Structure formats: C-alpha cells, structure tokens
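Below you'll find the structure, written out as structure tokens, and then a few comments.
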Protein chains: 2
Amino acid sequence: MNNNLTREIEKYLLSLLDEQEDEDFIQLRRKELAEIFGCVPSQINYVLRSRFSPEQGYLIESRRGGSGYIKILKITCSNPEQKSEHISDIIGDSISINEAKRLLEYLQDRELITGRERLLIEIALKESDNQAQINDIDIATRKEINADMLRHMLTSLMLIES
Amino acid sequence: MNNNLTREIEKYLLSLLDEQEDEDFIQLRRKELAEIFGCVPSQINYVLRSRFSPEQGYLIESRRGGSGYIKILKITCSNPEQKSEHISDIIGDSISINEAKRLLEYLQDRELITGRERLLIEIALKESDNQAQINDIDIATRKEINADMLRHMLTSLMLIES
DNA sequence: TTATGATTGATTATCACTGACCTAGCAAAT
DNA sequence: ATTTGCTAGGTCAGTGATAATCAATCATAA
C-alpha cells in the first residue's frame, strides 16, 4: 500500500486553494491529477470524499464527458447565522459520540472553536450520554439526545460575538 | 501481574509531550507503542481512557487502517489559575441551576472562564436537566447530576495550564 | 471478601487504495 | 432527430492494514 498518498494529494490541493487570491475555489481534471500522483483516478474521489467533505468546510462540483472537471469550493459563512445553520445541518437530528468528536476536530481545525471549547463539549456529551445509559435509553434515542446537546452548544456559540 | 505497565506507558507519553517544543501534541502508532512495552495493543486504549481523558485536559484523535495513528493533544490555556479543588468544594455534590449560573458569572468576572465557555456550560446544564426531567428524575437527584456535569467541566478547565 | 483497576485477546469497525464496470456530456455521422 | 462513439468522471466491492470495543480474567487494596 502506498503510504499516505491521500495525505499528499490533500496537501497538494490545499496548497492550490491557498494560492487562490480572489477566488475561493479550484478547478481541475481528475485524470490529470491522478497522473501527477501516479495513481488510479478513483483515488481522487476517495480523497475528496474523505478530506473535502461539507463537514470539513468544502463543496464539490463536477461534470463528466468531454471537457469534464472537478471543482473544489471552500465554504465561507459570512455571517454568524450561516455558520450556525451550516453546523446544524451537518449534525442533523441524530449523531454518535464518535461522529461528534470528529466534527469537533474539524471545527477546531477551521478555528471555529478553541481547544478549551472542544474539551468542554466533549465532556458535556460524555456526561450526558452516561446519564442516558444509566436511564436505559436505547442507542437510537441517545444519538438524538447527543444531536440536541451538540446543536444547542454549537449553534449558540456561533451566534455570539467572540 | 504488573500493575505498573499503565503507569509506565503514561510516564513515557508524558515525557514525549514534555519534549515537544512548539507543538502541544504527539502522534504515534498504537501497534508500535504496544511493541515497545511488549503488551497487547488494546492496552494503549486503556491508558488513553484512564490517563488522557478530556477531564484530564487531553483530547485524542485517531485513524484506523493504513497509515493509522493516534494523536494526543494537550489543551493549554492562557490563565494559569488553579483553584480546581476550591471550585469543586463550592459545587459540592448537589447544586441547582441558578446556583450554578451564579458561580459561572463569578468565574467569568474573575476571568477564569470566557463568555463563550460560560455559555457552553450553561447550555450543557440546561440540556442535561431537560433530559433528566423527561426521565422523571426527582429534583434532588437532578441537582446531583448538575453537580457532576458542572464539576467535570470546570475542574478540567481549571486543571489545564501547562 | 469485595470492589476496583489492570491486562488480555477475540471480534468488529474503519481506512487507504485498486480496478472493473457504470454513467453523463458532447458531437460527428447517419 | 437519432445513432454512434469518444471522453471524461462516478460507484462499488474487494483487499490488506490498522485501531476500537468488549467481555473475560487477573491483581491489588480496602
């Protein structure tokens, strides 16, 4: 197995995004990118799915056929309401503890929350889930409770002035 | 059985964290670490769970599969205040939502927590209390749950200073 | 003795990557 | 207008590598 190919491609794409001055997107050809890294084209799809997802702050647009392309857009929420709504969408109405942890990791990467805030939220989720287990709440309901807790904490945080 | 293994691994990880100059995290492979100490890989998970929890000021990130890893982050903060025992005393083993709010206001005035952190804690308490009410928990027990939640969140924040 | 903490290993879940096959867009030939 | 063919990207299942989970067991202290 090629070690860290995904990470290499991710870094390459991030550097391209970083170079953009006015735009907040890049456009490329899947086949060409695959050739640069000497891998199979579907590897690119894997990188996009695992590293440039909406919860990580990106949107993907693409077209097939002649003059096809892949476009990577960085999601920029200009106002607090948009941030709040975006995060609420990602959480949905049910989320596991592990999915929540992953989301918090991404949010700290994007500097939407601090390390201390992430710590507090993880503790609150764990504490809340413990109580739910003590009360014999089934797993599906627990995931809904997680979503409520997480959404309330994060959306409020996005809406206040920091 | 050698009950110092966990302590040994903990010391080793702490020394690695201490050696870090610029970063406040270390990254390693579970399998390799287990080999160093001649133990089963799941022993590492036990060490992380029992010694590097969010309540103790650490966050864990990990990935499975090829190029998998475990990352340990030490969350640091600007206010090197301690007072966790003092705060734990104030909270006691039972506290009402309103008493909790007053304590949080006091802590923010003293700049031991930020406004955002105070918001997060208040929301966590409210959410947790709502769930408890839904489960027909009596008021006395609810106050104990409040105290657990508040203590876990606050003491972890106060403990970290590095 | 009992309760708690430490350790193990079997099982399960997830990740990185590949390649065969599928589908969409487009335009030239009919 | 329809068919055909080329060129792109999409999907999915499989493989090997790695970490997480969980129940059982052992050790230690109260």
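Identifiers in the structure tokens: chain A, B, ... in order shown; residue index from 1 per chain; ligand index from 1 in order shown.
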
Wanna dump the chain A-chain C contacts at 9 Å for me, each residue with its shortest atom pair and the distance in Å to one decimal, counting only C-alpha atoms (C1' of nucleotides), ordered by chain and number, as a tab-separated table?
residue	atom	partner	partner_atom	distance
A:Met1	CA	C:DC17	C1'	6.9
A:Asn2	CA	C:DC17	C1'	7.7
A:Asn3	CA	C:DA16	C1'	8.4
A:Asn4	CA	C:DA16	C1'	8.0
A:Leu5	CA	C:DA16	C1'	8.2
A:Thr6	CA	C:DA16	C1'	7.5
A:Cys39	CA	C:DT18	C1'	8.9
A:Val40	CA	C:DT18	C1'	7.1
A:Ser42	CA	C:DT18	C1'	8.4
A:Gln43	CA	C:DC17	C1'	6.9
A:Tyr46	CA	C:DA16	C1'	8.7
A:Arg63	CA	C:DA24	C1'	7.9
A:Arg64	CA	C:DA24	C1'	5.5
A:Gly65	CA	C:DG25	C1'	4.3
A:Gly66	CA	C:DC26	C1'	6.2
A:Ser67	CA	C:DG25	C1'	8.6
A:Gly68	CA	C:DG25	C1'	8.1

8 Å contacts from chain D to chain A using only C-alpha atoms (C1' of nucleotides), as number ranges by chain: D: 7-9

Write the residues you've just listed into a file as a PDB file, in the first residue's frame, and include C-alpha atoms (C1' of nucleotides) for each of them.
ATOM      1  C1'  DT D   7     -14.008  11.211 -23.353  1.00  0.00           C
ATOM      2  C1'  DA D   8     -14.468  12.305 -19.234  1.00  0.00           C
ATOM      3  C1'  DG D   9     -15.970  11.447 -14.098  1.00  0.00           C
TER       4       DG D   9
END

Per DSSP on the backbone, filter chain B down to the residues in alpha helix (DSSP H) and report them as a PyMOL selection string. chain B and resi 5-19+30-36+42-51+84-91+97-109+115-134+139-159

What does the file look like for those residues with C-alpha atoms, as a CSV table (one decimal), in the first residue's frame?
chain,number,residue,atom,x,y,z
B,5,LEU,CA,2.5,-1.0,33.0
B,6,THR,CA,-0.2,1.6,32.6
B,7,ARG,CA,1.9,4.0,34.8
B,8,GLU,CA,5.0,3.3,32.7
B,9,ILE,CA,3.2,4.0,29.4
B,10,GLU,CA,1.7,7.1,30.9
B,11,LYS,CA,5.1,8.4,32.0
B,12,TYR,CA,6.5,7.6,28.6
B,13,LEU,CA,3.8,9.6,26.8
B,14,LEU,CA,4.1,12.5,29.3
B,15,SER,CA,7.8,12.7,28.6
B,16,LEU,CA,7.2,12.7,24.9
B,17,LEU,CA,4.6,15.5,25.4
B,18,ASP,CA,7.1,17.4,27.5
B,19,GLU,CA,9.8,17.2,24.9
B,30,ARG,CA,-0.7,2.1,18.6
B,31,LYS,CA,0.9,-1.0,17.4
B,32,GLU,CA,4.5,0.3,17.7
B,33,LEU,CA,3.8,1.7,21.2
B,34,ALA,CA,2.4,-1.7,22.3
B,35,GLU,CA,5.5,-3.4,20.9
B,36,ILE,CA,7.8,-1.1,22.8
B,42,SER,CA,-5.7,-2.6,23.4
B,43,GLN,CA,-3.7,-1.8,26.5
B,44,ILE,CA,-2.9,1.5,24.9
B,45,ASN,CA,-6.6,2.3,24.6
B,46,TYR,CA,-6.9,1.6,28.4
B,47,VAL,CA,-4.0,4.0,29.1
B,48,LEU,CA,-5.6,6.7,27.0
B,49,ARG,CA,-9.0,6.2,28.5
B,50,SER,CA,-7.8,6.3,32.1
B,51,ARG,CA,-5.0,8.8,31.9
B,84,SER,CA,-10.0,23.4,40.9
B,85,GLU,CA,-10.3,22.0,44.4
B,86,HIS,CA,-11.8,25.2,45.6
B,87,ILE,CA,-14.3,25.1,42.8
B,88,SER,CA,-15.1,21.5,43.5
B,89,ASP,CA,-15.7,22.4,47.1
B,90,ILE,CA,-18.1,25.2,46.1
B,91,ILE,CA,-20.1,23.0,43.8
B,97,ILE,CA,-29.2,25.5,38.0
B,98,ASN,CA,-29.5,29.0,39.5
B,99,GLU,CA,-26.7,28.5,41.9
B,100,ALA,CA,-24.6,27.2,39.0
B,101,LYS,CA,-25.3,30.2,37.0
B,102,ARG,CA,-24.2,32.5,39.8
B,103,LEU,CA,-21.0,30.6,40.1
B,104,LEU,CA,-20.3,30.8,36.4
B,105,GLU,CA,-20.9,34.6,36.5
B,106,TYR,CA,-18.4,34.8,39.3
B,107,LEU,CA,-15.9,32.8,37.3
B,108,GLN,CA,-16.3,34.9,34.3
B,109,ASP,CA,-15.8,38.1,36.3
B,115,GLY,CA,-18.0,34.3,28.0
B,116,ARG,CA,-18.2,31.5,25.3
B,117,GLU,CA,-17.1,28.9,27.8
B,118,ARG,CA,-19.7,30.1,30.3
B,119,LEU,CA,-22.4,29.8,27.6
B,120,LEU,CA,-21.4,26.3,26.7
B,121,ILE,CA,-21.6,25.2,30.3
B,122,GLU,CA,-25.0,26.8,30.9
B,123,ILE,CA,-26.4,25.1,27.8
B,124,ALA,CA,-24.9,21.7,28.8
B,125,LEU,CA,-26.6,22.1,32.2
B,126,LYS,CA,-29.9,23.1,30.8
B,127,GLU,CA,-29.9,20.3,28.2
B,128,SER,CA,-28.9,17.7,30.8
B,129,ASP,CA,-31.6,18.9,33.2
B,130,ASN,CA,-34.2,18.7,30.4
B,131,GLN,CA,-33.3,15.1,29.8
B,132,ALA,CA,-33.5,14.4,33.5
B,133,GLN,CA,-37.0,15.9,33.7
B,134,ILE,CA,-38.1,13.8,30.8
B,139,ILE,CA,-35.3,17.3,41.9
B,140,ALA,CA,-32.7,16.1,44.5
B,141,THR,CA,-31.1,13.7,42.0
B,142,ARG,CA,-31.2,16.3,39.3
B,143,LYS,CA,-29.2,18.6,41.5
B,144,GLU,CA,-26.6,15.8,41.9
B,145,ILE,CA,-26.4,15.3,38.2
B,146,ASN,CA,-25.9,19.1,37.8
B,147,ALA,CA,-23.1,18.9,40.2
B,148,ASP,CA,-21.4,16.1,38.3
B,149,MET,CA,-21.7,17.9,35.0
B,150,LEU,CA,-20.5,21.2,36.3
B,151,ARG,CA,-17.6,19.7,38.3
B,152,HIS,CA,-16.4,17.7,35.3
B,153,MET,CA,-16.5,20.6,33.0
B,154,LEU,CA,-15.0,23.2,35.4
B,155,THR,CA,-12.3,21.2,37.0
B,156,SER,CA,-11.0,20.1,33.7
B,157,LEU,CA,-10.8,23.7,32.6
B,158,MET,CA,-9.0,24.8,35.7
B,159,LEU,CA,-6.5,21.9,35.8

Over all C-alpha pairs taken in sequence order, what does chain A look like after a least-squares fit onto chain B? Please give it as a PDB file with C-alpha atoms, in the first residue's frame.
ATOM      1  CA  MET A   1      -4.366  -7.489  37.722  1.00  0.00           C
ATOM      2  CA  ASN A   2      -1.384  -5.247  37.122  1.00  0.00           C
ATOM      3  CA  ASN A   3      -1.493  -2.506  39.670  1.00  0.00           C
ATOM      4  CA  ASN A   4      -1.577   0.990  38.239  1.00  0.00           C
ATOM      5  CA  LEU A   5      -0.312   0.191  34.777  1.00  0.00           C
ATOM      6  CA  THR A   6      -2.611   2.872  33.412  1.00  0.00           C
ATOM      7  CA  ARG A   7      -1.169   5.411  35.830  1.00  0.00           C
ATOM      8  CA  GLU A   8       2.388   4.446  34.829  1.00  0.00           C
ATOM      9  CA  ILE A   9       1.663   4.876  31.139  1.00  0.00           C
ATOM     10  CA  GLU A  10      -0.103   8.150  31.848  1.00  0.00           C
ATOM     11  CA  LYS A  11       2.916   9.472  33.738  1.00  0.00           C
ATOM     12  CA  TYR A  12       5.216   8.386  30.937  1.00  0.00           C
ATOM     13  CA  LEU A  13       3.148  10.173  28.309  1.00  0.00           C
ATOM     14  CA  LEU A  14       2.847  13.286  30.458  1.00  0.00           C
ATOM     15  CA  SER A  15       6.624  13.395  30.862  1.00  0.00           C
ATOM     16  CA  LEU A  16       7.040  13.121  27.095  1.00  0.00           C
ATOM     17  CA  LEU A  17       4.582  15.963  26.609  1.00  0.00           C
ATOM     18  CA  ASP A  18       6.412  17.994  29.183  1.00  0.00           C
ATOM     19  CA  GLU A  19       9.720  17.535  27.397  1.00  0.00           C
ATOM     20  CA  GLN A  20       8.356  19.080  24.241  1.00  0.00           C
ATOM     21  CA  GLU A  21       9.813  22.515  23.767  1.00  0.00           C
ATOM     22  CA  ASP A  22       8.118  24.098  20.789  1.00  0.00           C
ATOM     23  CA  GLU A  23       5.400  21.589  20.029  1.00  0.00           C
ATOM     24  CA  ASP A  24       2.416  20.846  22.194  1.00  0.00           C
ATOM     25  CA  PHE A  25       1.971  17.295  20.963  1.00  0.00           C
ATOM     26  CA  ILE A  26       3.746  13.944  20.898  1.00  0.00           C
ATOM     27  CA  GLN A  27       3.593  11.163  18.352  1.00  0.00           C
ATOM     28  CA  LEU A  28       4.130   7.485  18.969  1.00  0.00           C
ATOM     29  CA  ARG A  29       3.403   3.931  17.932  1.00  0.00           C
ATOM     30  CA  ARG A  30       0.830   1.999  19.857  1.00  0.00           C
ATOM     31  CA  LYS A  31       2.607  -1.310  19.466  1.00  0.00           C
ATOM     32  CA  GLU A  32       5.970   0.024  20.647  1.00  0.00           C
ATOM     33  CA  LEU A  33       4.476   1.738  23.657  1.00  0.00           C
ATOM     34  CA  ALA A  34       2.671  -1.466  24.579  1.00  0.00           C
ATOM     35  CA  GLU A  35       5.950  -3.358  24.348  1.00  0.00           C
ATOM     36  CA  ILE A  36       7.701  -0.890  26.636  1.00  0.00           C
ATOM     37  CA  PHE A  37       5.130  -1.572  29.319  1.00  0.00           C
ATOM     38  CA  GLY A  38       4.699  -5.233  28.462  1.00  0.00           C
ATOM     39  CA  CYS A  39       1.012  -5.018  27.915  1.00  0.00           C
ATOM     40  CA  VAL A  40      -1.527  -5.626  25.223  1.00  0.00           C
ATOM     41  CA  PRO A  41      -1.830  -2.807  22.629  1.00  0.00           C
ATOM     42  CA  SER A  42      -5.465  -2.114  23.379  1.00  0.00           C
ATOM     43  CA  GLN A  43      -4.347  -1.066  26.847  1.00  0.00           C
ATOM     44  CA  ILE A  44      -2.978   2.060  25.205  1.00  0.00           C
ATOM     45  CA  ASN A  45      -6.412   2.891  23.842  1.00  0.00           C
ATOM     46  CA  TYR A  46      -7.781   2.544  27.335  1.00  0.00           C
ATOM     47  CA  VAL A  47      -5.203   4.949  28.736  1.00  0.00           C
ATOM     48  CA  LEU A  48      -5.956   7.482  26.018  1.00  0.00           C
ATOM     49  CA  ARG A  49      -9.698   7.224  26.514  1.00  0.00           C
ATOM     50  CA  SER A  50      -9.546   7.489  30.290  1.00  0.00           C
ATOM     51  CA  ARG A  51      -6.648   9.947  30.761  1.00  0.00           C
ATOM     52  CA  PHE A  52      -6.335  12.054  27.618  1.00  0.00           C
ATOM     53  CA  SER A  53      -9.913  12.951  26.801  1.00  0.00           C
ATOM     54  CA  PRO A  54     -11.063  16.382  25.567  1.00  0.00           C
ATOM     55  CA  GLU A  55     -12.472  17.223  29.004  1.00  0.00           C
ATOM     56  CA  GLN A  56      -9.004  16.575  30.348  1.00  0.00           C
ATOM     57  CA  GLY A  57      -7.602  18.929  27.749  1.00  0.00           C
ATOM     58  CA  TYR A  58      -6.301  16.578  25.069  1.00  0.00           C
ATOM     59  CA  LEU A  59      -7.125  15.527  21.520  1.00  0.00           C
ATOM     60  CA  ILE A  60      -6.060  12.285  19.855  1.00  0.00           C
ATOM     61  CA  GLU A  61      -5.251  11.822  16.178  1.00  0.00           C
ATOM     62  CA  SER A  62      -4.216   8.505  14.661  1.00  0.00           C
ATOM     63  CA  ARG A  63      -3.743   6.510  11.489  1.00  0.00           C
ATOM     64  CA  ARG A  64      -3.795   2.787  10.868  1.00  0.00           C
ATOM     65  CA  GLY A  65      -1.890   0.672   8.405  1.00  0.00           C
ATOM     66  CA  GLY A  66       1.753   0.884   7.410  1.00  0.00           C
ATOM     67  CA  SER A  67       3.540   3.734   9.190  1.00  0.00           C
ATOM     68  CA  GLY A  68       0.536   4.213  11.412  1.00  0.00           C
ATOM     69  CA  TYR A  69       0.800   6.398  14.520  1.00  0.00           C
ATOM     70  CA  ILE A  70      -0.956   7.967  17.479  1.00  0.00           C
ATOM     71  CA  LYS A  71      -0.663  11.672  18.145  1.00  0.00           C
ATOM     72  CA  ILE A  72      -1.579  13.292  21.459  1.00  0.00           C
ATOM     73  CA  LEU A  73      -2.282  17.021  21.293  1.00  0.00           C
ATOM     74  CA  LYS A  74      -2.656  19.291  24.281  1.00  0.00           C
ATOM     75  CA  ILE A  75      -5.565  21.660  23.800  1.00  0.00           C
ATOM     76  CA  THR A  76      -4.427  25.214  24.320  1.00  0.00           C
ATOM     77  CA  CYS A  77      -7.099  27.887  24.418  1.00  0.00           C
ATOM     78  CA  SER A  78      -5.332  31.127  23.708  1.00  0.00           C
ATOM     79  CA  ASN A  79      -8.207  33.480  24.398  1.00  0.00           C
ATOM     80  CA  PRO A  80     -10.970  33.463  27.022  1.00  0.00           C
ATOM     81  CA  GLU A  81     -13.664  32.983  24.384  1.00  0.00           C
ATOM     82  CA  GLN A  82     -12.092  29.703  23.305  1.00  0.00           C
ATOM     83  CA  LYS A  83     -11.856  28.477  26.880  1.00  0.00           C
ATOM     84  CA  SER A  84     -15.460  29.367  27.442  1.00  0.00           C
ATOM     85  CA  GLU A  85     -16.604  27.667  24.264  1.00  0.00           C
ATOM     86  CA  HIS A  86     -14.547  24.553  24.911  1.00  0.00           C
ATOM     87  CA  ILE A  87     -16.039  24.107  28.359  1.00  0.00           C
ATOM     88  CA  SER A  88     -19.540  24.775  27.068  1.00  0.00           C
ATOM     89  CA  ASP A  89     -19.067  22.031  24.487  1.00  0.00           C
ATOM     90  CA  ILE A  90     -17.929  19.564  27.110  1.00  0.00           C
ATOM     91  CA  ILE A  91     -20.908  20.255  29.349  1.00  0.00           C
ATOM     92  CA  GLY A  92     -23.448  19.901  26.560  1.00  0.00           C
ATOM     93  CA  ASP A  93     -27.074  20.464  27.466  1.00  0.00           C
ATOM     94  CA  SER A  94     -27.367  17.757  30.089  1.00  0.00           C
ATOM     95  CA  ILE A  95     -24.976  16.595  32.806  1.00  0.00           C
ATOM     96  CA  SER A  96     -25.199  14.526  35.977  1.00  0.00           C
ATOM     97  CA  ILE A  97     -23.886  15.747  39.307  1.00  0.00           C
ATOM     98  CA  ASN A  98     -21.149  13.133  39.252  1.00  0.00           C
ATOM     99  CA  GLU A  99     -20.065  14.014  35.736  1.00  0.00           C
ATOM    100  CA  ALA A 100     -19.993  17.654  36.787  1.00  0.00           C
ATOM    101  CA  LYS A 101     -17.817  16.831  39.788  1.00  0.00           C
ATOM    102  CA  ARG A 102     -15.398  14.971  37.565  1.00  0.00           C
ATOM    103  CA  LEU A 103     -15.199  17.910  35.172  1.00  0.00           C
ATOM    104  CA  LEU A 104     -14.486  20.296  38.046  1.00  0.00           C
ATOM    105  CA  GLU A 105     -11.715  17.984  39.188  1.00  0.00           C
ATOM    106  CA  TYR A 106     -10.121  18.175  35.749  1.00  0.00           C
ATOM    107  CA  LEU A 107     -10.513  21.955  35.570  1.00  0.00           C
ATOM    108  CA  GLN A 108      -8.760  22.384  38.890  1.00  0.00           C
ATOM    109  CA  ASP A 109      -5.974  20.086  37.706  1.00  0.00           C
ATOM    110  CA  ARG A 110      -5.540  22.349  34.702  1.00  0.00           C
ATOM    111  CA  GLU A 111      -5.609  25.367  37.025  1.00  0.00           C
ATOM    112  CA  LEU A 112      -8.565  26.875  35.229  1.00  0.00           C
ATOM    113  CA  ILE A 113     -10.366  27.182  38.556  1.00  0.00           C
ATOM    114  CA  THR A 114      -9.202  27.322  42.172  1.00  0.00           C
ATOM    115  CA  GLY A 115     -10.157  24.961  44.948  1.00  0.00           C
ATOM    116  CA  ARG A 116     -12.450  27.591  46.463  1.00  0.00           C
ATOM    117  CA  GLU A 117     -14.192  28.124  43.151  1.00  0.00           C
ATOM    118  CA  ARG A 118     -14.656  24.392  42.737  1.00  0.00           C
ATOM    119  CA  LEU A 119     -16.122  24.241  46.220  1.00  0.00           C
ATOM    120  CA  LEU A 120     -18.594  27.028  45.447  1.00  0.00           C
ATOM    121  CA  ILE A 121     -19.729  25.400  42.223  1.00  0.00           C
ATOM    122  CA  GLU A 122     -20.253  22.008  43.839  1.00  0.00           C
ATOM    123  CA  ILE A 123     -22.340  23.581  46.579  1.00  0.00           C
ATOM    124  CA  ALA A 124     -24.425  25.540  44.070  1.00  0.00           C
ATOM    125  CA  LEU A 125     -25.080  22.377  42.053  1.00  0.00           C
ATOM    126  CA  LYS A 126     -26.046  20.391  45.115  1.00  0.00           C
ATOM    127  CA  GLU A 127     -28.315  23.139  46.423  1.00  0.00           C
ATOM    128  CA  SER A 128     -29.963  23.591  43.046  1.00  0.00           C
ATOM    129  CA  ASP A 129     -30.476  19.853  42.618  1.00  0.00           C
ATOM    130  CA  ASN A 130     -32.028  19.623  46.079  1.00  0.00           C
ATOM    131  CA  GLN A 131     -34.557  22.274  45.153  1.00  0.00           C
ATOM    132  CA  ALA A 132     -35.334  20.475  41.907  1.00  0.00           C
ATOM    133  CA  GLN A 133     -35.959  17.227  43.772  1.00  0.00           C
ATOM    134  CA  ILE A 134     -38.248  19.000  46.212  1.00  0.00           C
ATOM    135  CA  ASN A 135     -40.243  20.194  43.209  1.00  0.00           C
ATOM    136  CA  ASP A 136     -40.498  16.641  41.816  1.00  0.00           C
ATOM    137  CA  ILE A 137     -38.510  17.456  38.706  1.00  0.00           C
ATOM    138  CA  ASP A 138     -37.639  14.286  36.800  1.00  0.00           C
ATOM    139  CA  ILE A 139     -34.038  13.180  36.492  1.00  0.00           C
ATOM    140  CA  ALA A 140     -33.642  14.127  32.825  1.00  0.00           C
ATOM    141  CA  THR A 141     -34.795  17.687  33.444  1.00  0.00           C
ATOM    142  CA  ARG A 142     -32.599  17.921  36.521  1.00  0.00           C
ATOM    143  CA  LYS A 143     -29.600  17.070  34.372  1.00  0.00           C
ATOM    144  CA  GLU A 144     -30.539  19.901  32.023  1.00  0.00           C
ATOM    145  CA  ILE A 145     -30.802  22.289  34.957  1.00  0.00           C
ATOM    146  CA  ASN A 146     -27.374  21.134  36.141  1.00  0.00           C
ATOM    147  CA  ALA A 147     -25.954  21.870  32.697  1.00  0.00           C
ATOM    148  CA  ASP A 148     -27.465  25.366  32.673  1.00  0.00           C
ATOM    149  CA  MET A 149     -26.114  26.165  36.115  1.00  0.00           C
ATOM    150  CA  LEU A 150     -22.677  24.750  35.412  1.00  0.00           C
ATOM    151  CA  ARG A 151     -22.345  26.353  31.987  1.00  0.00           C
ATOM    152  CA  HIS A 152     -23.366  29.776  33.212  1.00  0.00           C
ATOM    153  CA  MET A 153     -20.961  29.645  36.131  1.00  0.00           C
ATOM    154  CA  LEU A 154     -17.975  28.289  34.218  1.00  0.00           C
ATOM    155  CA  THR A 155     -18.266  30.230  30.985  1.00  0.00           C
ATOM    156  CA  SER A 156     -18.643  33.506  32.866  1.00  0.00           C
ATOM    157  CA  LEU A 157     -15.651  32.641  34.969  1.00  0.00           C
ATOM    158  CA  MET A 158     -13.520  31.959  31.902  1.00  0.00           C
ATOM    159  CA  LEU A 159     -14.474  35.277  30.355  1.00  0.00           C
ATOM    160  CA  ILE A 160     -13.522  37.584  33.192  1.00  0.00           C
ATOM    161  CA  GLU A 161     -10.020  38.774  33.850  1.00  0.00           C
ATOM    162  CA  SER A 162      -8.560  36.997  36.836  1.00  0.00           C
TER     163      SER A 162
END
